[in-house]
Amino acid sequence: MSAQKRLRIYFTGVGGQGSLTATALLARTALYAGVDVVAGEVHGMAQRGGVVESVLLLGGWRSPKLEYGEADIILGFEPLETLRGLPYLRKGGVVFSSSDAMPPVSVALGVESYPSMDEIRERVGAVASQSHFLPCRELGMKAGAVQAGNTVLLAALCASNLLPFGVDVFEKALQIFLPEKIKAANLKALEFGQDYIANA
Amino acid sequence: MSNPLLQGKGDECHLLLGNEAIVRGALEAGVHVVTCYPGTPSSEVPDTFRRLGGNGKQYTLQYSVNEKVAMEVACGASLAGAKALVTMKHVGLNVAADPLFTATYTGLPGGLVVLSADDPGFHSSQNEQDNRNYARAASLPCFEPSSAQEAKDMTKEAFRVARELEQPVLLRTTTRVNHMRGAVRFGDLPASRDDLVEFKRNPLRHVPVPAVAKVRHKVLEENMARAQEIAETSPFNVSHVPAAKPKLGVIASGISRSYVLDALEEKGWSDRVCVLELGMTWPLPERLIAGFMGDLERVLVVEENDPLLENGVRAIAQKKGLGVRIEGKGAILTIQGENSTPRLVQALAAFLGEPCEEAVIEPAANLPKRPPNLCAGCSHRAVFYAARKIFGDDAIYSSDIGCYTLGMLPPLKCADFLFCMGSSISAGSGFAMVAKKPVVGFIGDSTFFHSGMTGLANALFNEMDIIVVVLDNGTTAMTGHQPNPGMIQEQLGDVMRHLDIESIVRGIGVTQVRKVSSFNLRAVEKALEEFRDMSGVRVLIAEEPCALYARRSLGKGASRVAEVIAQGEETKKCVDSFACPAFCCQNGEYSVDKTLCTGCGVCLQVAPKSFRLVKRG
């Protein structure tokens, strides 16, 4: 086994948001950085408006899967899903989450109620040692495309010094792996994510 | 554009999905023919072959109408000398089992690899059957990868073994392997694909009448003995013996190997047990396993679902007279669901006599749920709404496999039972034979071609009663819009041909046939009302493209969207009974989410005074 720093990251979001694309991008970045990587996804029924979960394990794990209490980091692309995924975080782990709510149908119809951001922050704070809630949609739009909001979140993670590689490697990966037409917006989004952490 | 899967050279390293790695392995093996029926978690294999654009050049790809057909096409191709790959999800192998159980007798000189993508944990399946049972029942050498790299390497090796033994080989994956991503170090692509094995006409081998089959059964047994020799020294069966040579051992197969090794590493127990990892898992390498257990006092066998490896290991110990104590399935390692690293920590703690605090973490309580749902603008919802309006609880709803199974959810509640692909018609007509209630069967277009046609012929032939609603959304929606014969010709290109469902239904002999647009609520209701008062086999074809497919593939964006023009009881009734996910309600005020609405206009028909269509602005 390698002596690399071992980290386990849990991604969660809503079908159609692009959280699987984000997982694959970070996995490719890790491979580019020479870090052992394995990622796991669940496809299928979840695409029909359901929850989409994925995992990324760095530093020599073999299993493409996480259970409750195993994640060092949660990357939440939607705040309610961040909260739903919270049991996966180990005590003292770190949370990066979008603060843009996407209410499920039951909430849209007034049958169930969406927890307040204060409640979400408080419940996350009770488990996590650090948590960051970013206005990804707004920052993505400002960068030039709403989907670039996912890059804001990834950049914040890469800028946090928690990973075995830094935001500079992520920037290189964006240059290499992204199609030309979406590169500019994503590089701008990277700056926003980086700035957010610098000012946190 | 060049794609590394198709062009990448040996020694390149790429991050691949497990299913993409299988594609690369098949390409490195020089696969000639790929057949499939899509099904999660196998679908990305044929879909990747399709995306690569090598069809007709490097290989021939076929979306068959069902798994049995896919298997037979692949068997035929392999008998004609090609290296063939057939892919399906685990339950698909039930459909394909008939040809497979005899192809093992005739043997297939070209080489056939059968991908069975199993789904322990029910991520998207109706059962979690363990298809390693098929390796034993049909006599198939079996490989079980645990990583993307192994998925590639074992696919390639499976082809080598299939051709060497002239026997079909099972590549048995599980969801976690199909849908994992990992680094894959490439091997070389073949310099030439000009290596078909010439067919030698020999009915005394290839036509399994009893006298022939009897001889072939013996050959099969001999070939499986050769397969065992391959397994005895396979590089995919490896043991890790710590320097201290502990008296405890673990034998694990498939993805469970990963959980075992991660758990040992995490707890610092790697030096305390010997580990035997099995990647080529059938036939069992008996000498290798017996040798591994020779000096051990206790062995823990770790596998997902059925205790197949465990029973095999017990039999080997008994046969060799070994005194080793064998442990396996029990309270911790159950036959239910998937294994995991924490489950293995717990099992290994018990095995090693270490304390293990079981951390109980509860799911986050009281959160609004986000279940999968029929999309806004889904044509199925309109038909279910109409059926419920006409029949309510007076009919029994026989469902089938597809997005429309989600019609079981309230308020539509249009699924009372379901067995498998195509069962809506056959099981529905069987139910009607006994029940004194009308039975309405719902079946999608791809499922109709898969195995609905035979059930329909049977119902008609036997003068049975059933109302069949073909929910024709023009694509294989659930698994990701793969081609099926019902797809329009423009989408099928020039290598596949469109087949017309109505002509087939009428051609079978059904005379009570109606065809409507799913979004024309009155027409759907009228047809169902007429059918309610008739008997025999009645078929309603309700057509309207899948909303996602219409937008992504047909380029049909919504130019108009619905908006609420009046609040009140009628609006509430529509929201409650039609339940489109585009409906919103804030502080008692109803509205339509314009980003979700596709402008299907069905809500206007349900509640004309509550909604109108406006230009998307």
# chains A, B, ... in the order shown; residues from 1 in each chain; ligands from 1

$ interface_residues --of "chain B" --to "chain A" --cutoff "7 Å" --atoms "only C-alpha atoms" --output "mmCIF file with N, CA and C atoms, in the first residue's frame"
data_model
loop_
_atom_site.group_PDB
_atom_site.id
_atom_site.type_symbol
_atom_site.label_atom_id
_atom_site.label_comp_id
_atom_site.auth_asym_id
_atom_site.auth_seq_id
_atom_site.Cartn_x
_atom_site.Cartn_y
_atom_site.Cartn_z
ATOM 1 N N LEU B 15 -8.388 7.353 -16.847
ATOM 2 C CA LEU B 15 -9.429 7.121 -15.847
ATOM 3 C C LEU B 15 -10.669 6.617 -16.575
ATOM 4 N N THR B 40 -29.572 -1.459 -16.585
ATOM 5 C CA THR B 40 -28.660 -0.969 -15.561
ATOM 6 C C THR B 40 -28.236 -2.143 -14.676
ATOM 7 N N SER B 124 -31.144 -0.677 -8.926
ATOM 8 C CA SER B 124 -32.148 -0.421 -9.969
ATOM 9 C C SER B 124 -32.679 -1.734 -10.525
ATOM 10 N N ARG B 176 -21.238 -1.884 -8.348
ATOM 11 C CA ARG B 176 -20.122 -1.057 -7.882
ATOM 12 C C ARG B 176 -18.940 -1.099 -8.840
ATOM 13 N N HIS B 179 -19.967 0.746 -12.264
ATOM 14 C CA HIS B 179 -20.094 2.199 -12.122
ATOM 15 C C HIS B 179 -19.003 2.810 -11.252
ATOM 16 N N MET B 180 -17.858 2.148 -11.186
ATOM 17 C CA MET B 180 -16.725 2.786 -10.505
ATOM 18 C C MET B 180 -15.827 3.420 -11.556
ATOM 19 N N ARG B 181 -15.020 4.367 -11.126
ATOM 20 C CA ARG B 181 -13.992 4.906 -12.022
ATOM 21 C C ARG B 181 -12.631 4.660 -11.399
ATOM 22 N N GLY B 182 -11.693 4.266 -12.235
ATOM 23 C CA GLY B 182 -10.352 4.053 -11.727
ATOM 24 C C GLY B 182 -9.346 4.154 -12.859
ATOM 25 N N SER B 258 -11.995 -5.938 -2.217
ATOM 26 C CA SER B 258 -11.628 -4.546 -1.929
ATOM 27 C C SER B 258 -12.012 -4.166 -0.506
ATOM 28 N N TYR B 259 -13.218 -4.574 -0.106
ATOM 29 C CA TYR B 259 -13.659 -4.234 1.256
ATOM 30 C C TYR B 259 -12.766 -4.919 2.298
ATOM 31 N N ASP B 262 -9.329 -3.039 2.305
ATOM 32 C CA ASP B 262 -9.477 -1.700 2.901
ATOM 33 C C ASP B 262 -9.691 -1.794 4.411
ATOM 34 N N ILE B 361 -25.146 5.112 13.399
ATOM 35 C CA ILE B 361 -25.460 6.451 12.891
ATOM 36 C C ILE B 361 -26.817 6.368 12.208
ATOM 37 N N GLU B 362 -27.707 7.220 12.631
ATOM 38 C CA GLU B 362 -29.066 7.200 12.084
ATOM 39 C C GLU B 362 -29.148 8.098 10.852
ATOM 40 N N PRO B 363 -30.024 7.772 9.908
ATOM 41 C CA PRO B 363 -30.244 8.685 8.780
ATOM 42 C C PRO B 363 -30.771 10.028 9.294
ATOM 43 N N ALA B 364 -30.478 11.089 8.558
ATOM 44 C CA ALA B 364 -30.974 12.411 8.941
ATOM 45 C C ALA B 364 -32.501 12.369 8.983
ATOM 46 N N PRO B 368 -37.626 16.418 3.939
ATOM 47 C CA PRO B 368 -38.516 16.149 2.802
ATOM 48 C C PRO B 368 -37.853 15.168 1.842
ATOM 49 N N ARG B 370 -37.038 12.949 -1.633
ATOM 50 C CA ARG B 370 -36.849 13.299 -3.042
ATOM 51 C C ARG B 370 -36.853 11.997 -3.845
ATOM 52 N N PRO B 371 -38.018 11.353 -3.923
ATOM 53 C CA PRO B 371 -38.062 10.062 -4.614
ATOM 54 C C PRO B 371 -37.992 10.264 -6.122
ATOM 55 N N PRO B 372 -37.569 9.223 -6.862
ATOM 56 C CA PRO B 372 -37.654 9.332 -8.313
ATOM 57 C C PRO B 372 -39.118 9.499 -8.715
ATOM 58 N N ASN B 373 -39.351 10.194 -9.792
ATOM 59 C CA ASN B 373 -40.715 10.543 -10.166
ATOM 60 C C ASN B 373 -40.798 10.584 -11.690
ATOM 61 N N LEU B 374 -42.000 10.397 -12.227
ATOM 62 C CA LEU B 374 -42.168 10.630 -13.657
ATOM 63 C C LEU B 374 -41.902 12.115 -13.914
ATOM 64 N N CYS B 375 -41.161 12.421 -14.962
ATOM 65 C CA CYS B 375 -40.750 13.804 -15.252
ATOM 66 C C CYS B 375 -41.960 14.703 -15.551
ATOM 67 N N THR B 479 -33.304 3.346 -19.457
ATOM 68 C CA THR B 479 -31.887 3.008 -19.424
ATOM 69 C C THR B 479 -31.015 4.020 -20.161
ATOM 70 N N PRO B 581 -44.657 17.293 -11.607
ATOM 71 C CA PRO B 581 -43.625 17.929 -10.760
ATOM 72 C C PRO B 581 -43.393 19.403 -11.077
ATOM 73 N N PHE B 583 -45.770 21.578 -10.993
ATOM 74 C CA PHE B 583 -46.687 22.347 -10.141
ATOM 75 C C PHE B 583 -45.978 22.794 -8.864
ATOM 76 N N CYS B 584 -46.266 24.035 -8.436
ATOM 77 C CA CYS B 584 -45.746 24.542 -7.165
ATOM 78 C C CYS B 584 -46.896 25.111 -6.355
ATOM 79 N N CYS B 585 -46.695 25.194 -5.061
ATOM 80 C CA CYS B 585 -47.699 25.820 -4.213
ATOM 81 C C CYS B 585 -46.986 26.575 -3.105
ATOM 82 N N GLN B 586 -47.149 27.872 -3.098
ATOM 83 C CA GLN B 586 -46.535 28.654 -2.024
ATOM 84 C C GLN B 586 -47.608 29.482 -1.334
#

$ closest_residue --among "A:Glu171, A:Ser97, A:Ala159, A:Asn186" --to "Cys136 in chain A" --atoms "only C-alpha atoms"
A:Ser97

$ atom_distance --atom1 "CA of Val31 in chain B" --atom2 "CA of Ala84 in chain B"
6.0 Å

$ select_by_dssp --residues "range 2-199 of chain A" --states "strand (DSSP E or B)" --output "ChimeraX atom specification"
/A:7-14,37-41,51-58,71-76,89-98,130-134

$ write_last_selection --atoms "N, CA and C atoms" --output "CSV table (one decimal), in the first residue's frame"
chain,number,residue,atom,x,y,z
A,7,LEU,N,-7.9,9.9,1.7
A,7,LEU,CA,-9.1,10.8,2.0
A,7,LEU,C,-10.3,10.2,1.3
A,8,ARG,N,-11.5,10.4,1.9
A,8,ARG,CA,-12.7,9.9,1.3
A,8,ARG,C,-13.7,11.0,1.2
A,9,ILE,N,-14.2,11.2,0.0
A,9,ILE,CA,-15.1,12.3,-0.2
A,9,ILE,C,-16.5,11.8,-0.7
A,10,TYR,N,-17.5,12.4,-0.2
A,10,TYR,CA,-18.9,12.0,-0.5
A,10,TYR,C,-19.5,13.1,-1.3
A,11,PHE,N,-20.0,12.9,-2.5
A,11,PHE,CA,-20.7,13.9,-3.3
A,11,PHE,C,-22.2,13.6,-3.3
A,12,THR,N,-23.0,14.7,-3.2
A,12,THR,CA,-24.4,14.5,-3.3
A,12,THR,C,-25.1,15.7,-4.0
A,13,GLY,N,-26.1,15.3,-4.7
A,13,GLY,CA,-26.8,16.4,-5.4
A,13,GLY,C,-28.1,15.9,-6.0
A,14,VAL,N,-28.7,16.6,-6.9
A,14,VAL,CA,-30.0,16.3,-7.5
A,14,VAL,C,-29.7,15.9,-9.0
A,37,VAL,N,-6.5,6.9,-7.2
A,37,VAL,CA,-7.9,7.4,-7.1
A,37,VAL,C,-8.9,6.3,-7.5
A,38,VAL,N,-10.0,6.2,-6.7
A,38,VAL,CA,-11.1,5.4,-7.2
A,38,VAL,C,-12.4,6.2,-6.9
A,39,ALA,N,-13.3,6.1,-7.8
A,39,ALA,CA,-14.6,6.8,-7.7
A,39,ALA,C,-15.7,5.9,-7.9
A,40,GLY,N,-16.8,6.2,-7.3
A,40,GLY,CA,-18.0,5.3,-7.5
A,40,GLY,C,-19.3,6.1,-7.7
A,41,GLU,N,-20.2,5.6,-8.5
A,41,GLU,CA,-21.4,6.3,-8.8
A,41,GLU,C,-22.6,5.4,-8.7
A,51,VAL,N,-32.2,11.8,-5.9
A,51,VAL,CA,-30.9,12.1,-5.3
A,51,VAL,C,-29.8,11.4,-6.1
A,52,VAL,N,-28.7,12.0,-6.4
A,52,VAL,CA,-27.6,11.4,-7.0
A,52,VAL,C,-26.3,11.5,-6.1
A,53,GLU,N,-25.8,10.3,-5.8
A,53,GLU,CA,-24.6,10.2,-4.9
A,53,GLU,C,-23.4,9.7,-5.6
A,54,SER,N,-22.3,10.1,-5.2
A,54,SER,CA,-21.1,9.5,-5.8
A,54,SER,C,-20.0,9.7,-4.7
A,55,VAL,N,-18.9,8.9,-4.9
A,55,VAL,CA,-17.8,9.0,-3.9
A,55,VAL,C,-16.5,9.1,-4.6
A,56,LEU,N,-15.5,9.7,-4.0
A,56,LEU,CA,-14.1,9.7,-4.5
A,56,LEU,C,-13.2,9.4,-3.4
A,57,LEU,N,-12.3,8.4,-3.6
A,57,LEU,CA,-11.4,8.0,-2.5
A,57,LEU,C,-10.0,8.1,-3.0
A,58,LEU,N,-9.2,8.9,-2.3
A,58,LEU,CA,-7.9,9.2,-2.7
A,58,LEU,C,-6.8,8.6,-1.8
A,71,ALA,N,-16.9,9.4,5.5
A,71,ALA,CA,-16.3,10.5,4.7
A,71,ALA,C,-15.6,11.5,5.5
A,72,ASP,N,-14.4,11.9,4.9
A,72,ASP,CA,-13.7,13.0,5.5
A,72,ASP,C,-14.2,14.4,5.1
A,73,ILE,N,-14.8,14.3,3.9
A,73,ILE,CA,-15.3,15.6,3.3
A,73,ILE,C,-16.7,15.3,2.6
A,74,ILE,N,-17.6,16.2,2.7
A,74,ILE,CA,-18.9,16.1,1.9
A,74,ILE,C,-18.9,17.3,1.0
A,75,LEU,N,-19.2,17.0,-0.3
A,75,LEU,CA,-19.3,18.0,-1.3
A,75,LEU,C,-20.8,18.0,-1.7
A,76,GLY,N,-21.6,19.0,-1.2
A,76,GLY,CA,-23.0,19.0,-1.5
A,76,GLY,C,-23.4,20.0,-2.5
A,89,LEU,N,-20.6,11.8,6.9
A,89,LEU,CA,-19.4,12.5,7.4
A,89,LEU,C,-19.0,11.9,8.7
A,90,ARG,N,-17.6,11.8,8.8
A,90,ARG,CA,-17.1,11.4,10.1
A,90,ARG,C,-17.1,12.6,11.0
A,91,LYS,N,-17.2,12.4,12.3
A,91,LYS,CA,-17.1,13.5,13.3
A,91,LYS,C,-15.9,14.3,13.0
A,92,GLY,N,-16.0,15.6,12.8
A,92,GLY,CA,-14.9,16.4,12.6
A,92,GLY,C,-14.5,16.6,11.1
A,93,GLY,N,-15.3,16.0,10.2
A,93,GLY,CA,-15.0,16.2,8.8
A,93,GLY,C,-15.4,17.6,8.3
A,94,VAL,N,-15.2,17.8,7.0
A,94,VAL,CA,-15.4,19.1,6.5
A,94,VAL,C,-16.5,19.1,5.4
A,95,VAL,N,-17.3,20.2,5.4
A,95,VAL,CA,-18.4,20.2,4.4
A,95,VAL,C,-18.3,21.4,3.5
A,96,PHE,N,-18.4,21.2,2.2
A,96,PHE,CA,-18.5,22.2,1.2
A,96,PHE,C,-19.8,22.1,0.5
A,97,SER,N,-20.7,23.1,0.6
A,97,SER,CA,-22.0,22.9,0.0
A,97,SER,C,-22.5,24.1,-0.7
A,98,SER,N,-23.3,23.9,-1.8
A,98,SER,CA,-24.0,25.0,-2.4
A,98,SER,C,-25.1,25.4,-1.4
A,130,GLN,N,-15.5,22.1,10.1
A,130,GLN,CA,-15.6,23.3,9.2
A,130,GLN,C,-16.7,23.1,8.2
A,131,SER,N,-17.5,24.2,7.9
A,131,SER,CA,-18.4,24.0,6.8
A,131,SER,C,-18.4,25.3,6.0
A,132,HIS,N,-18.6,25.2,4.7
A,132,HIS,CA,-18.6,26.3,3.8
A,132,HIS,C,-19.8,26.2,2.9
A,133,PHE,N,-20.7,27.2,3.0
A,133,PHE,CA,-21.9,27.3,2.1
A,133,PHE,C,-21.7,28.4,1.1
A,134,LEU,N,-21.6,28.0,-0.2
A,134,LEU,CA,-21.3,28.9,-1.3
A,134,LEU,C,-22.5,29.2,-2.2

$ residues_around --residues "Asp100 in chain A" --least-positions-apart "6" --cutoff "9 Å" --atoms "only C-alpha atoms" --output "ChimeraX atom specification"
/A:77-79,134-138

$ select_by_dssp --residues "range 196-234 of chain B" --states "helix (DSSP H, G or I)" --output "list in words"
Pro203, Leu204, Arg205, His206, Pro210, Ala211, Val212, Ala213, Lys214, Val215, Arg216, His217, Lys218, Val219, Leu220, Glu221, Glu222, Asn223, Met224, Ala225, Arg226, Ala227, Gln228, Glu229, Ile230, Ala231 and Glu232 of chain B

$ atom_distance --atom1 "CA of Leu187 in chain A" --atom2 "CA of Lys172 in chain A"
9.8 Å

$ closest_residue --among "B:Leu171, B:Ile425, B:Ala386, B:Ala527" --to "Val606 in chain B" --atoms "only C-alpha atoms"
B:Ala386

$ closest_residue --among "B:Met421, B:Leu52, B:Ala263, B:Ile401" --to "Gln346 in chain B" --atoms "only C-alpha atoms"
B:Ala263
